[in-house]
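Everything below belongs to entry-v4.cif, which stores mmCIF, C-alpha atoms.
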```cif
data_coords
#
loop_
_atom_site.group_PDB
_atom_site.id
_atom_site.type_symbol
_atom_site.label_atom_id
_atom_site.label_comp_id
_atom_site.auth_asym_id
_atom_site.auth_seq_id
_atom_site.Cartn_x
_atom_site.Cartn_y
_atom_site.Cartn_z
ATOM 1 C CA MET A 377 0.000 0.000 0.000
ATOM 2 C CA ASN A 378 1.386 3.339 -1.078
ATOM 3 C CA LEU A 379 -0.277 6.138 0.872
ATOM 4 C CA SER A 380 1.162 8.708 -1.532
ATOM 5 C CA GLN A 381 -1.273 7.273 -4.093
ATOM 6 C CA LEU A 382 -4.277 8.352 -2.009
ATOM 7 C CA ASN A 383 -6.315 11.157 -3.494
ATOM 8 C CA LEU A 384 -8.092 12.749 -0.545
ATOM 9 C CA PRO A 385 -10.553 14.811 -2.641
ATOM 10 C CA ALA A 386 -11.551 11.566 -4.411
ATOM 11 C CA VAL A 387 -12.035 9.903 -1.018
ATOM 12 C CA LEU A 388 -14.275 12.772 0.084
ATOM 13 C CA VAL A 389 -16.338 12.677 -3.116
ATOM 14 C CA ALA A 390 -16.597 8.887 -2.859
ATOM 15 C CA ALA A 391 -17.845 9.236 0.721
ATOM 16 C CA LEU A 392 -20.399 11.849 -0.351
ATOM 17 C CA SER A 393 -21.616 9.505 -3.081
ATOM 18 C CA GLY A 394 -22.801 7.162 -0.319
ATOM 19 C CA PHE A 395 -25.172 9.891 0.872
ATOM 20 C CA ALA A 396 -26.469 10.514 -2.627
ATOM 21 C CA ILE A 397 -27.004 6.818 -3.331
ATOM 22 C CA GLY A 398 -28.638 6.309 0.064
ATOM 23 C CA GLY A 399 -30.983 9.225 -0.543
ATOM 24 C CA ILE A 400 -32.119 7.635 -3.778
ATOM 25 C CA TRP A 401 -32.001 3.968 -2.648
ATOM 26 C CA TYR A 402 -34.039 4.507 0.508
ATOM 27 C CA ALA A 403 -36.455 7.038 -1.014
ATOM 28 C CA PRO A 404 -40.104 5.977 -0.600
ATOM 29 C CA SER A 405 -40.485 5.661 -4.366
ATOM 30 C CA VAL A 406 -37.543 3.234 -4.629
ATOM 31 C CA PHE A 407 -36.983 0.906 -1.622
ATOM 32 C CA GLY A 408 -37.916 3.173 1.299
ATOM 33 C CA LYS A 409 -41.471 1.937 1.844
ATOM 34 C CA ALA A 410 -40.431 -1.724 1.715
ATOM 35 C CA TRP A 411 -37.443 -1.030 3.985
ATOM 36 C CA MET A 412 -39.650 0.721 6.532
ATOM 37 C CA ALA A 413 -42.304 -2.020 6.415
ATOM 38 C CA ASP A 414 -39.782 -4.843 6.842
ATOM 39 C CA ASN A 415 -38.177 -3.006 9.777
ATOM 40 C CA GLY A 416 -41.526 -2.236 11.391
ATOM 41 C CA LEU A 417 -40.869 1.501 11.159
ATOM 42 C CA THR A 418 -43.277 4.356 10.571
ATOM 43 C CA THR A 419 -42.658 7.796 9.116
ATOM 44 C CA ASP A 420 -43.256 9.267 12.573
ATOM 45 C CA ALA A 421 -40.668 6.954 14.152
ATOM 46 C CA ILE A 422 -38.133 7.880 11.460
ATOM 47 C CA GLN A 423 -38.784 11.604 11.956
ATOM 48 C CA GLN A 424 -38.215 11.275 15.696
ATOM 49 C CA GLY A 425 -34.737 9.799 15.219
ATOM 50 C CA ASN A 426 -31.706 11.827 16.289
ATOM 51 C CA LYS A 427 -30.714 13.322 12.912
ATOM 52 C CA ALA A 428 -27.366 14.668 14.146
ATOM 53 C CA LYS A 429 -26.380 11.239 15.448
ATOM 54 C CA ILE A 430 -27.680 9.374 12.383
ATOM 55 C CA PHE A 431 -26.143 11.659 9.756
ATOM 56 C CA GLY A 432 -22.987 12.311 11.787
ATOM 57 C CA PHE A 433 -22.198 8.618 12.133
ATOM 58 C CA THR A 434 -23.262 8.021 8.524
ATOM 59 C CA ALA A 435 -20.728 10.637 7.403
ATOM 60 C CA PHE A 436 -18.033 9.081 9.595
ATOM 61 C CA PHE A 437 -18.659 5.544 8.344
ATOM 62 C CA SER A 438 -18.922 6.686 4.710
ATOM 63 C CA LEU A 439 -15.536 8.373 5.046
ATOM 64 C CA LEU A 440 -14.136 5.259 6.690
ATOM 65 C CA MET A 441 -15.446 3.084 3.843
ATOM 66 C CA ALA A 442 -14.070 5.402 1.160
ATOM 67 C CA PHE A 443 -10.696 5.769 2.873
ATOM 68 C CA ASN A 444 -10.425 2.005 3.337
ATOM 69 C CA LEU A 445 -11.225 1.420 -0.338
ATOM 70 C CA ALA A 446 -8.704 4.067 -1.351
ATOM 71 C CA MET A 447 -6.015 2.306 0.694
ATOM 72 C CA PHE A 448 -6.760 -1.003 -1.023
ATOM 73 C CA LEU A 449 -6.761 0.717 -4.408
ATOM 74 C CA ALA A 450 -3.607 2.792 -3.723
ATOM 75 C CA ASP A 451 -1.684 1.655 -6.764
ATOM 76 C CA ALA A 452 -0.689 3.678 -9.802
ATOM 77 C CA LYS A 453 -2.209 0.943 -12.008
ATOM 78 C CA THR A 454 -5.683 1.385 -10.513
ATOM 79 C CA ASP A 455 -8.170 2.722 -13.034
ATOM 80 C CA VAL A 456 -11.946 3.093 -13.095
ATOM 81 C CA SER A 457 -12.424 -0.509 -14.205
ATOM 82 C CA TRP A 458 -10.307 -2.024 -11.447
ATOM 83 C CA GLY A 459 -11.676 0.430 -8.870
ATOM 84 C CA ALA A 460 -15.247 -0.589 -9.683
ATOM 85 C CA THR A 461 -14.427 -4.307 -9.925
ATOM 86 C CA ALA A 462 -12.472 -4.516 -6.675
ATOM 87 C CA SER A 463 -15.107 -2.481 -4.871
ATOM 88 C CA PHE A 464 -17.934 -4.580 -6.308
ATOM 89 C CA LEU A 465 -16.174 -7.623 -4.846
ATOM 90 C CA ALA A 466 -15.878 -5.798 -1.508
ATOM 91 C CA GLY A 467 -19.601 -5.110 -1.814
ATOM 92 C CA ILE A 468 -20.289 -8.837 -2.188
ATOM 93 C CA TRP A 469 -18.271 -9.383 0.992
ATOM 94 C CA THR A 470 -20.340 -6.732 2.773
ATOM 95 C CA PHE A 471 -23.579 -8.120 1.339
ATOM 96 C CA SER A 472 -22.653 -11.501 2.816
ATOM 97 C CA ALA A 473 -22.069 -9.988 6.259
ATOM 98 C CA VAL A 474 -25.392 -8.131 6.092
ATOM 99 C CA ALA A 475 -27.120 -11.373 5.068
ATOM 100 C CA ILE A 476 -25.593 -13.381 7.924
ATOM 101 C CA HIS A 477 -26.569 -10.812 10.565
ATOM 102 C CA SER A 478 -30.029 -10.390 9.077
ATOM 103 C CA LEU A 479 -30.726 -14.125 8.975
ATOM 104 C CA PHE A 480 -30.015 -14.414 12.694
ATOM 105 C CA GLU A 481 -32.188 -11.344 13.296
ATOM 106 C CA LEU A 482 -34.985 -13.117 11.376
ATOM 107 C CA LYS A 483 -35.140 -10.366 8.750
ATOM 108 C CA SER A 484 -36.817 -10.932 5.399
ATOM 109 C CA TRP A 485 -34.937 -11.745 2.216
ATOM 110 C CA ARG A 486 -36.384 -8.568 0.745
ATOM 111 C CA LEU A 487 -34.725 -6.524 3.506
ATOM 112 C CA ILE A 488 -31.460 -8.434 3.077
ATOM 113 C CA PHE A 489 -31.426 -7.567 -0.625
ATOM 114 C CA ILE A 490 -32.375 -3.934 0.024
ATOM 115 C CA ASN A 491 -29.616 -3.347 2.592
ATOM 116 C CA GLY A 492 -27.044 -5.636 0.991
ATOM 117 C CA GLY A 493 -27.771 -4.215 -2.453
ATOM 118 C CA TYR A 494 -27.175 -0.709 -1.150
ATOM 119 C CA SER A 495 -23.737 -1.805 0.064
ATOM 120 C CA VAL A 496 -22.842 -3.407 -3.264
ATOM 121 C CA VAL A 497 -23.944 -0.397 -5.307
ATOM 122 C CA THR A 498 -22.395 2.170 -2.971
ATOM 123 C CA LEU A 499 -19.031 0.438 -2.731
ATOM 124 C CA THR A 500 -18.912 -0.091 -6.503
ATOM 125 C CA VAL A 501 -19.553 3.604 -7.151
ATOM 126 C CA MET A 502 -17.033 4.631 -4.487
ATOM 127 C CA GLY A 503 -14.387 2.428 -6.086
ATOM 128 C CA ALA A 504 -15.154 3.790 -9.553
ATOM 129 C CA ILE A 505 -14.758 7.355 -8.269
ATOM 130 C CA ILE A 506 -11.475 6.534 -6.580
ATOM 131 C CA GLY A 507 -10.276 4.644 -9.643
ATOM 132 C CA ILE A 508 -11.157 7.293 -12.200
ATOM 133 C CA TRP A 509 -9.738 10.145 -10.133
ATOM 134 C CA ARG A 510 -6.083 9.135 -10.313
#
```

Give the structure from the file, written as structure tokens.
Amino acid sequence: MNLSQLNLPAVLVAALSGFAIGGIWYAPSVFGKAWMADNGLTTDAIQQGNKAKIFGFTAFFSLLMAFNLAMFLADAKTDVSWGATASFLAGIWTFSAVAIHSLFELKSWRLIFINGGYSVVTLTVMGAIIGIWR
């Protein structure tokens, strides 16, 4: 790993992409209604959540994900194709972890695919951003 190959603006943009994807992915018109139903949540319950805590930790973990990916992709040979491919594979790894936890929590397959799919898509896009921005 060559830390001099890290592009911190790319890491930041990759982290921000997680917010954008999440905003679309979990929108009511996409998977939001199904996600809420399978979690037993209501709009009122969601609105009463601590937004500073939720979005603050989301920002922290998105940065952590993007920085971690950037460290794995810190090679001069990394391009958009390899960034997306390697990160897609990391997404499959994450999907598997989400699935294992969710099965023991007796969650539905629909919820597993919603949450796991978000991880796969988000990590793939993050890796593509890091890979293209060399």

Inset, instruction - Would you translate the PyMOL selection byres ((chain A and resi 393) around 10) into the concrete set of residues it matches in this file, as a ChimeraX atom specification? - result: /A:387-392,394-399,438,442,498-499,501-502,505

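The residues that lie within 9 Å of the point (-2.9, 12.0, -10.0), counting only C-alpha atoms, are Gln381, Leu382, Asn383, Ala452, Trp509 and Arg510 of chain A.
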
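Among the candidates A:Ala428, A:Phe471, A:Ala466, A:Gln423, the one nearest to A:Ile490 when counting all atoms listed in the file is A:Phe471.
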
Legend entry - Result set of the PyMOL selection byres ((chain A and resi 463) around 8) on the coordinates above, as a list of chain:residue names: A:Leu445, A:Gly459, A:Ala460, A:Thr461, A:Ala462, A:Phe464, A:Leu465, A:Ala466, A:Gly467, A:Val496, A:Leu499, A:Thr500, A:Val501, A:Met502, A:Gly503, A:Ala504

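Our summary of the geometry notes that atom CA of A:Gly492 is positioned 7.0 Å from atom CA of A:Thr470.
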
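Taking atom CA of A:Asn491 as the reference point, atom CA of A:Trp411 is found at 8.3 Å.
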
Legend entry - Å distance separating atom CA of A:Phe437 from atom CA of A:Gly408, one decimal place: 20.6 Å

Legend entry - Shortest interatomic distance to A:Asp414 - which of A:Ile430, A:Leu487, A:Val497, A:Ala475, counting all atoms listed in the file: A:Leu487

For N, CA, C and O atoms, please extract stretch 420-455 of chain A from the block and return it as a compact mmCIF listing (two decimals), in the first residue's frame.
```txt
# COMPACT_ATOMS: atom_id res chain seq x y z
N ASP A 420 -43.39 8.53 11.31
CA ASP A 420 -43.26 9.27 12.57
C ASP A 420 -42.03 8.79 13.35
O ASP A 420 -41.29 9.61 13.91
N ALA A 421 -41.82 7.49 13.43
CA ALA A 421 -40.67 6.95 14.15
C ALA A 421 -39.37 7.43 13.50
O ALA A 421 -38.42 7.82 14.20
N ILE A 422 -39.32 7.43 12.18
CA ILE A 422 -38.13 7.88 11.46
C ILE A 422 -37.88 9.36 11.75
O ILE A 422 -36.74 9.76 12.01
N GLN A 423 -38.93 10.16 11.74
CA GLN A 423 -38.78 11.60 11.96
C GLN A 423 -38.34 11.92 13.38
O GLN A 423 -37.76 12.98 13.62
N GLN A 424 -38.60 11.03 14.31
CA GLN A 424 -38.22 11.27 15.70
C GLN A 424 -36.79 10.83 16.00
O GLN A 424 -36.30 11.06 17.10
N GLY A 425 -36.12 10.23 15.02
CA GLY A 425 -34.74 9.80 15.22
C GLY A 425 -33.82 11.00 15.40
O GLY A 425 -34.10 12.11 14.94
N ASN A 426 -32.71 10.79 16.06
CA ASN A 426 -31.71 11.83 16.29
C ASN A 426 -30.92 12.05 15.00
O ASN A 426 -29.99 11.31 14.69
N LYS A 427 -31.31 13.07 14.24
CA LYS A 427 -30.71 13.32 12.91
C LYS A 427 -29.22 13.61 12.99
O LYS A 427 -28.45 13.16 12.15
N ALA A 428 -28.80 14.36 14.01
CA ALA A 428 -27.37 14.67 14.15
C ALA A 428 -26.57 13.38 14.35
O ALA A 428 -25.52 13.19 13.72
N LYS A 429 -27.06 12.51 15.19
CA LYS A 429 -26.38 11.24 15.45
C LYS A 429 -26.38 10.37 14.19
O LYS A 429 -25.35 9.83 13.79
N ILE A 430 -27.55 10.24 13.56
CA ILE A 430 -27.68 9.37 12.38
C ILE A 430 -26.79 9.86 11.25
O ILE A 430 -25.98 9.11 10.70
N PHE A 431 -26.91 11.14 10.89
CA PHE A 431 -26.14 11.66 9.76
C PHE A 431 -24.67 11.85 10.11
O PHE A 431 -23.80 11.70 9.25
N GLY A 432 -24.38 12.18 11.36
CA GLY A 432 -22.99 12.31 11.79
C GLY A 432 -22.24 10.99 11.68
O GLY A 432 -21.14 10.92 11.11
N PHE A 433 -22.84 9.94 12.22
CA PHE A 433 -22.20 8.62 12.13
C PHE A 433 -22.20 8.09 10.70
O PHE A 433 -21.27 7.41 10.28
N THR A 434 -23.24 8.42 9.93
CA THR A 434 -23.26 8.02 8.52
C THR A 434 -22.10 8.67 7.78
O THR A 434 -21.41 8.02 6.99
N ALA A 435 -21.86 9.94 8.04
CA ALA A 435 -20.73 10.64 7.40
C ALA A 435 -19.41 9.99 7.81
O ALA A 435 -18.53 9.73 6.97
N PHE A 436 -19.26 9.71 9.10
CA PHE A 436 -18.03 9.08 9.60
C PHE A 436 -17.81 7.72 8.93
O PHE A 436 -16.71 7.44 8.42
N PHE A 437 -18.83 6.88 8.91
CA PHE A 437 -18.66 5.54 8.34
C PHE A 437 -18.50 5.58 6.82
O PHE A 437 -17.79 4.74 6.26
N SER A 438 -19.13 6.53 6.16
CA SER A 438 -18.92 6.69 4.71
C SER A 438 -17.48 7.08 4.41
O SER A 438 -16.86 6.57 3.47
N LEU A 439 -16.94 8.00 5.20
CA LEU A 439 -15.54 8.37 5.05
C LEU A 439 -14.61 7.19 5.33
O LEU A 439 -13.64 6.98 4.61
N LEU A 440 -14.93 6.44 6.36
CA LEU A 440 -14.14 5.26 6.69
C LEU A 440 -14.16 4.24 5.54
O LEU A 440 -13.12 3.69 5.16
N MET A 441 -15.33 4.01 4.98
CA MET A 441 -15.45 3.08 3.84
C MET A 441 -14.62 3.57 2.66
O MET A 441 -13.87 2.80 2.05
N ALA A 442 -14.78 4.85 2.32
CA ALA A 442 -14.07 5.40 1.16
C ALA A 442 -12.56 5.40 1.38
O ALA A 442 -11.79 5.05 0.48
N PHE A 443 -12.12 5.76 2.57
CA PHE A 443 -10.70 5.77 2.87
C PHE A 443 -10.13 4.35 2.82
O PHE A 443 -9.05 4.12 2.27
N ASN A 444 -10.85 3.40 3.37
CA ASN A 444 -10.42 2.01 3.34
C ASN A 444 -10.30 1.51 1.90
O ASN A 444 -9.31 0.86 1.53
N LEU A 445 -11.29 1.80 1.08
CA LEU A 445 -11.23 1.42 -0.34
C LEU A 445 -10.03 2.07 -1.02
O LEU A 445 -9.31 1.43 -1.78
N ALA A 446 -9.83 3.35 -0.74
CA ALA A 446 -8.70 4.07 -1.35
C ALA A 446 -7.37 3.44 -0.96
O ALA A 446 -6.45 3.37 -1.78
N MET A 447 -7.26 2.96 0.27
CA MET A 447 -6.01 2.31 0.69
C MET A 447 -5.81 1.00 -0.07
O MET A 447 -4.70 0.69 -0.49
N PHE A 448 -6.88 0.24 -0.26
CA PHE A 448 -6.76 -1.00 -1.02
C PHE A 448 -6.47 -0.74 -2.50
O PHE A 448 -5.84 -1.55 -3.16
N LEU A 449 -6.93 0.39 -2.99
CA LEU A 449 -6.76 0.72 -4.41
C LEU A 449 -5.56 1.64 -4.66
O LEU A 449 -5.38 2.13 -5.77
N ALA A 450 -4.75 1.87 -3.62
CA ALA A 450 -3.61 2.79 -3.72
C ALA A 450 -2.48 2.18 -4.54
O ALA A 450 -1.47 1.73 -4.02
N ASP A 451 -2.68 2.17 -5.82
CA ASP A 451 -1.68 1.66 -6.76
C ASP A 451 -1.80 2.49 -8.03
O ASP A 451 -2.91 2.76 -8.50
N ALA A 452 -0.68 2.84 -8.59
CA ALA A 452 -0.69 3.68 -9.80
C ALA A 452 -1.43 3.00 -10.96
O ALA A 452 -1.90 3.67 -11.88
N LYS A 453 -1.54 1.68 -10.93
CA LYS A 453 -2.21 0.94 -12.01
C LYS A 453 -3.73 0.94 -11.86
O LYS A 453 -4.44 0.53 -12.78
N THR A 454 -4.23 1.37 -10.72
CA THR A 454 -5.68 1.38 -10.51
C THR A 454 -6.34 2.36 -11.48
O THR A 454 -5.90 3.50 -11.62
N ASP A 455 -7.37 1.88 -12.14
CA ASP A 455 -8.17 2.72 -13.03
C ASP A 455 -9.64 2.54 -12.66
O ASP A 455 -9.96 1.84 -11.71
```
